[in-house]
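Source file: start.txt. Holds: compact mmCIF, C-alpha atoms.
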```txt
# COMPACT_ATOMS: atom_id res chain seq x y z
CA MET A 1 -28.51 7.16 -27.86
CA GLU A 2 -25.79 5.35 -29.79
CA ASP A 3 -24.46 8.67 -31.09
CA ASN A 4 -24.13 9.99 -27.54
CA LYS A 5 -22.40 6.78 -26.48
CA SER A 6 -19.93 6.97 -29.36
CA LYS A 7 -19.23 10.62 -28.59
CA THR A 8 -18.56 9.76 -24.95
CA THR A 9 -16.28 6.90 -25.97
CA GLY A 10 -14.44 9.14 -28.42
CA PHE A 11 -13.97 11.82 -25.78
CA GLY A 12 -12.70 9.26 -23.27
CA ALA A 13 -10.22 7.92 -25.82
CA ARG A 14 -8.90 11.43 -26.49
CA VAL A 15 -8.51 12.11 -22.76
CA LEU A 16 -6.67 8.81 -22.30
CA PHE A 17 -4.43 9.60 -25.27
CA PHE A 18 -3.62 13.00 -23.75
CA PHE A 19 -2.68 11.57 -20.36
CA LYS A 20 -0.55 8.81 -21.88
CA PHE A 21 1.30 11.38 -23.93
CA VAL A 22 1.81 13.64 -20.89
CA PHE A 23 3.09 10.76 -18.75
CA ALA A 24 5.44 9.67 -21.54
CA VAL A 25 6.88 13.19 -21.70
CA LEU A 26 7.20 13.31 -17.90
CA LEU A 27 9.18 10.06 -17.96
CA LEU A 28 11.77 11.39 -20.44
CA PRO A 29 13.98 13.08 -17.80
CA LEU A 30 14.05 9.80 -15.88
CA VAL A 31 15.03 7.94 -19.06
CA MET A 32 17.87 10.40 -19.68
CA GLY A 33 18.88 10.21 -16.04
CA THR A 34 19.10 6.41 -16.08
CA VAL A 35 21.24 6.50 -19.24
CA VAL A 36 23.66 9.06 -17.78
CA ALA A 37 23.82 7.26 -14.42
CA LEU A 38 24.42 3.82 -15.99
CA GLU A 39 27.07 5.19 -18.32
CA GLY A 40 28.79 6.93 -15.41
CA GLU A 41 28.98 3.75 -13.33
CA ILE A 42 30.20 1.70 -16.29
CA HIS A 43 33.10 4.16 -16.62
CA HIS A 44 34.09 3.25 -13.06
CA LEU A 45 34.65 -0.36 -14.10
CA ALA A 46 38.01 -1.67 -15.22
CA PRO A 47 38.82 -0.91 -18.92
CA PRO A 48 38.39 -4.55 -20.05
CA PHE A 49 34.83 -4.55 -18.66
CA GLN A 50 34.03 -1.23 -20.33
CA GLN A 51 35.32 -2.50 -23.68
CA ALA A 52 33.41 -5.77 -23.31
CA ILE A 53 30.12 -3.95 -22.65
CA PHE A 54 30.64 -1.67 -25.65
CA GLN A 55 31.58 -4.59 -27.88
CA GLY A 56 28.50 -6.57 -26.81
CA MET A 57 26.16 -3.66 -27.57
CA VAL A 58 27.70 -2.97 -30.97
CA ALA A 59 27.78 -6.68 -31.81
CA TYR A 60 24.03 -7.04 -31.35
CA VAL A 61 23.20 -3.91 -33.36
CA LEU A 62 25.37 -5.14 -36.25
CA MET A 63 23.92 -8.65 -36.03
CA LYS A 64 20.35 -7.35 -36.07
CA PHE A 65 20.70 -5.08 -39.06
CA PHE A 66 22.99 -7.22 -41.20
CA ILE A 67 22.76 -10.89 -40.20
CA TYR A 68 20.13 -12.09 -37.72
CA ASP A 69 17.94 -10.29 -35.17
CA PHE A 70 17.49 -13.19 -32.67
CA ASP A 71 13.74 -12.53 -32.54
CA VAL A 72 13.02 -16.24 -32.09
CA VAL A 73 15.42 -16.37 -29.15
CA TYR A 74 13.81 -13.26 -27.66
CA LYS A 75 10.29 -14.68 -28.04
CA TYR A 76 11.37 -17.93 -26.38
CA GLY A 77 12.68 -15.95 -23.42
CA GLN A 78 9.39 -14.07 -23.24
CA SER A 79 7.49 -17.36 -23.16
CA MET A 80 9.63 -18.58 -20.25
CA VAL A 81 8.92 -15.43 -18.25
CA GLY A 82 5.23 -15.58 -19.14
CA ALA A 83 5.06 -19.18 -17.93
CA CYS A 84 6.55 -18.14 -14.57
CA PHE A 85 3.80 -15.54 -14.13
CA GLN A 86 0.90 -17.51 -15.62
CA PHE A 87 -0.94 -17.50 -12.29
CA LEU A 88 -0.67 -13.71 -11.96
CA LYS A 89 -2.70 -12.45 -14.90
CA PRO A 90 -1.87 -8.72 -14.57
CA LEU A 91 1.86 -9.52 -14.62
CA MET A 92 1.70 -12.29 -17.22
CA ASN A 93 1.48 -9.84 -20.13
CA PHE A 94 3.78 -7.19 -18.68
CA ALA A 95 6.60 -9.25 -17.12
CA PRO A 96 8.04 -10.66 -20.39
CA TYR A 97 8.74 -7.11 -21.55
CA VAL A 98 10.15 -5.96 -18.21
CA ILE A 99 12.37 -8.90 -17.25
CA PRO A 100 15.41 -9.42 -19.53
CA ILE A 101 15.55 -13.11 -18.70
CA TYR A 102 18.77 -13.98 -20.58
CA THR A 103 20.62 -11.01 -19.06
CA LEU A 104 19.35 -11.94 -15.61
CA LEU A 105 20.54 -15.54 -15.96
CA LEU A 106 23.91 -14.49 -17.38
CA VAL A 107 24.60 -12.04 -14.55
CA ILE A 108 23.69 -14.72 -12.00
CA ALA A 109 25.96 -17.19 -13.79
CA TYR A 110 28.81 -14.65 -13.77
CA ALA A 111 28.33 -14.00 -10.04
CA VAL A 112 28.32 -17.74 -9.25
CA VAL A 113 31.43 -18.44 -11.33
CA HIS A 114 33.19 -15.42 -9.85
CA LEU A 115 32.35 -16.39 -6.25
CA THR A 116 33.48 -19.99 -6.76
CA GLY A 117 36.84 -18.75 -8.03
CA LYS A 118 36.56 -20.44 -11.42
CA MET A 119 37.21 -17.33 -13.52
CA GLY A 120 40.88 -18.17 -13.81
CA ALA A 121 43.98 -16.61 -12.37
CA HIS A 122 43.49 -13.34 -14.23
CA ASP A 123 39.72 -13.36 -14.65
CA GLU A 124 40.16 -13.95 -18.37
CA LEU A 125 36.56 -15.17 -18.66
CA ALA A 126 35.03 -12.03 -17.12
CA PRO A 127 35.16 -9.82 -20.26
CA ILE A 128 33.60 -12.64 -22.30
CA PHE A 129 30.73 -12.80 -19.83
CA PHE A 130 30.19 -9.07 -20.14
CA VAL A 131 30.20 -9.15 -23.93
CA VAL A 132 27.35 -11.66 -23.81
CA ILE A 133 25.54 -9.81 -21.00
CA ALA A 134 25.63 -6.52 -22.93
CA PHE A 135 24.61 -8.35 -26.11
CA SER A 136 21.56 -9.93 -24.43
CA PHE A 137 20.47 -6.70 -22.72
CA THR A 138 20.73 -4.72 -25.96
CA MET A 139 18.72 -7.44 -27.72
CA HIS A 140 16.02 -7.25 -25.06
CA ILE A 141 15.68 -3.45 -25.21
CA ILE A 142 15.68 -3.21 -29.02
CA LEU A 143 13.30 -6.10 -29.65
CA THR A 144 10.97 -4.98 -26.85
CA ALA A 145 10.80 -1.53 -28.44
CA GLN A 146 10.18 -3.12 -31.84
CA ASP A 147 7.41 -5.35 -30.51
CA LEU A 148 5.63 -2.57 -28.59
CA TYR A 149 5.86 -0.24 -31.59
CA LYS A 150 4.18 -2.80 -33.85
CA LYS A 151 1.40 -3.47 -31.33
CA ASP A 152 0.45 0.20 -30.92
CA SER A 153 -1.73 1.11 -33.90
CA THR A 154 -2.90 4.42 -32.36
CA ALA A 155 -1.86 7.63 -34.08
CA GLY A 156 1.05 9.18 -32.23
CA LYS A 157 1.94 5.83 -30.57
CA PRO A 158 1.08 6.92 -26.97
CA ASP A 159 1.08 3.36 -25.61
CA TYR A 160 4.47 2.69 -27.18
CA PHE A 161 6.18 5.82 -25.87
CA PHE A 162 4.76 5.52 -22.37
CA GLY A 163 5.28 1.75 -22.09
CA MET A 164 8.78 1.76 -23.55
CA ALA A 165 9.94 4.62 -21.33
CA LEU A 166 8.64 2.83 -18.23
CA ILE A 167 10.13 -0.52 -19.26
CA PHE A 168 13.51 1.05 -20.06
CA ILE A 169 13.70 2.72 -16.62
CA ILE A 170 12.74 -0.51 -14.81
CA ASP A 171 15.20 -2.60 -16.85
CA VAL A 172 18.11 -0.24 -16.23
CA PHE A 173 17.26 -0.18 -12.50
CA LEU A 174 17.29 -3.99 -12.51
CA MET A 175 20.63 -4.09 -14.34
CA ALA A 176 22.12 -1.57 -11.89
CA LEU A 177 21.04 -3.71 -8.93
CA LEU A 178 22.46 -6.87 -10.50
CA LEU A 179 25.77 -5.21 -11.39
CA ASN A 180 26.02 -3.72 -7.91
CA LEU A 181 25.72 -7.21 -6.41
CA SER A 182 28.08 -8.96 -8.81
CA VAL A 183 30.73 -6.51 -10.06
CA ASN A 184 33.38 -4.60 -8.11
CA GLY A 185 33.37 -0.90 -8.91
CA PHE A 186 29.68 -0.56 -9.70
CA SER A 187 27.69 1.29 -7.02
CA PHE A 188 23.90 1.31 -7.08
CA VAL A 189 23.92 4.12 -4.51
CA ASP A 190 26.02 6.33 -6.80
CA PHE A 191 23.88 5.27 -9.76
CA PHE A 192 20.74 6.38 -7.93
CA LYS A 193 22.32 9.65 -6.81
CA THR A 194 23.35 10.51 -10.37
CA LEU A 195 19.95 9.51 -11.71
CA SER A 196 18.19 11.70 -9.13
CA GLN A 197 20.46 14.68 -9.76
CA VAL A 198 20.29 14.56 -13.57
CA SER A 199 16.52 14.01 -13.76
CA SER A 200 15.76 16.65 -11.10
CA ASN A 201 17.94 19.17 -12.96
CA ILE A 202 16.02 18.49 -16.17
CA TYR A 203 12.65 18.79 -14.41
CA THR A 204 13.73 22.04 -12.74
CA SER A 205 15.06 23.54 -15.98
CA ALA A 206 11.93 22.57 -17.90
CA PHE A 207 9.66 24.01 -15.22
CA ALA A 208 11.65 27.26 -15.17
CA GLN A 209 11.50 27.57 -18.96
CA LEU A 210 7.76 26.94 -19.09
CA PHE A 211 6.48 28.85 -16.07
CA LEU A 212 9.14 31.22 -14.72
CA ARG A 213 10.19 33.08 -17.86
```

Could you show the structure in this file as structure tokens?
Amino acid sequence: MEDNKSKTTGFGARVLFFFKFVFAVLLLPLVMGTVVALEGEIHHLAPPFQQAIFQGMVAYVLMKFFIYDFDVVYKYGQSMVGACFQFLKPLMNFAPYVIPIYTLLLVIAYAVVHLTGKMGAHDELAPIFFVVIAFSFTMHIILTAQDLYKKDSTAGKPDYFFGMALIFIIDVFLMALLLNLSVNGFSFVDFFKTLSQVSSNIYTSAFAQLFLR
């Protein structure tokens, strides 16, 4: 009886592994689409904003690998998000990975300062804001990936690949919405159009290669 139960459990685990792997692969075109769409909209921003975003991303990568990875700061942010969702158990464990709390707060702060006209005559503070925003978002993505990778002990890392792909897509969507509301030149509508076009082209090409050859 126990042997049959273990066989059933083993079969169920293999089926679950297969579906997680398939869904992770199916999400890849959306991941690539979000990257292309976000990059395209960033190129529509003024050059100082583009440079600030690039500098913030590079700054975090260099800090992580050579000086300090800010893991304690990241974990503190996760605890804040978890506390906000403590009464919603299904979201309590997922929300800290999905919501880049520092980036969210920084974008809101930028929008408030910008709307109140306290940026200065030439918006000299704006690029500084975007360096820190890009820094915090890069920190969130990298440390989330690192944390999920460590937690998935399954061979092939199906939970990691599926979860990280889904989180990345949601986070970029969230960033696109925030930037659309707070920054001139960034269009969420254009972002979504590019995302849809790029991902659909990849899906169509893959389908044609696999089934229409």

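If you measure from each of A:Lys157, A:Phe173, A:Tyr203, A:Ala208 to Ala24 in chain A using only C-alpha atoms, the closest one turns out to be A:Lys157.
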
Checklist entry - So which residues touch Gly77 in chain A within 8 Å, counting all atoms listed in the file, skipping near sequence neighbours fewer than 3 positions away, as an MDAnalysis selection string? => result chainID A and resid 73:74 80:81 96 101:102

Next, dump the selected residues to file, keeping only C-alpha atoms, as an mmCIF file, keeping the file's coordinate frame.
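Below is the file part_35.cif, written as the result:
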```cif
data_model
loop_
_atom_site.group_PDB
_atom_site.id
_atom_site.type_symbol
_atom_site.label_atom_id
_atom_site.label_comp_id
_atom_site.auth_asym_id
_atom_site.auth_seq_id
_atom_site.Cartn_x
_atom_site.Cartn_y
_atom_site.Cartn_z
ATOM 1 C CA VAL A 73 15.420 -16.370 -29.150
ATOM 2 C CA TYR A 74 13.810 -13.260 -27.660
ATOM 3 C CA MET A 80 9.630 -18.580 -20.250
ATOM 4 C CA VAL A 81 8.920 -15.430 -18.250
ATOM 5 C CA PRO A 96 8.040 -10.660 -20.390
ATOM 6 C CA ILE A 101 15.550 -13.110 -18.700
ATOM 7 C CA TYR A 102 18.770 -13.980 -20.580
#
```

Next on the checklist: Would you pick out the contacts of range 142-144 of chain A at 9 Å or less, using all atoms listed in the file, so that residues sharing its chain but fewer than 4 positions from it are not included, and give the list as a list in words?
Outcome noted: Val61, Asp69, Phe70, Asp71, Tyr74, Tyr97, Val98, Phe137, Thr138, Leu148, Tyr149, Met164 and Ile167 of chain A

Item to check | Long-range neighbours of Phe135 in chain A as a list in words, 7 Å cut-off, all atoms listed in the file, 4 positions minimum in chain | outcome: Gly56, Met57, Ala59, Tyr60, Val131 and Met139 of chain A

Item to check | Exercise: Glu39 in chain A partners within 12 Å, all atoms listed in the file, chain neighbours under 4 positions left out, as a PyMOL selection string | outcome: chain A and resi 32-35+43-45+50+53-54+172+175-176+186-187+190-191+194-195

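CA of Leu27 in chain A to CA of Leu166 in chain A spans 7.3 Å [interatomic distance, one decimal].
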
Output, as JSON, the centre and edge lengths in Å (one decimal) of the axis-aligned box that contains all listed atoms of range 128-147 of chain A with 3 Å of margin on each side.
```
{"center_x": 20.5, "center_y": -7.2, "center_z": -25.8, "size_x": 32.2, "size_y": 17.3, "size_z": 18.0}
```

Item to check | Residue among A:Ile169, A:Phe207, A:Phe17, A:Lys151 lying closest to Phe192 in chain A, counting all atoms listed in the file | outcome: A:Ile169
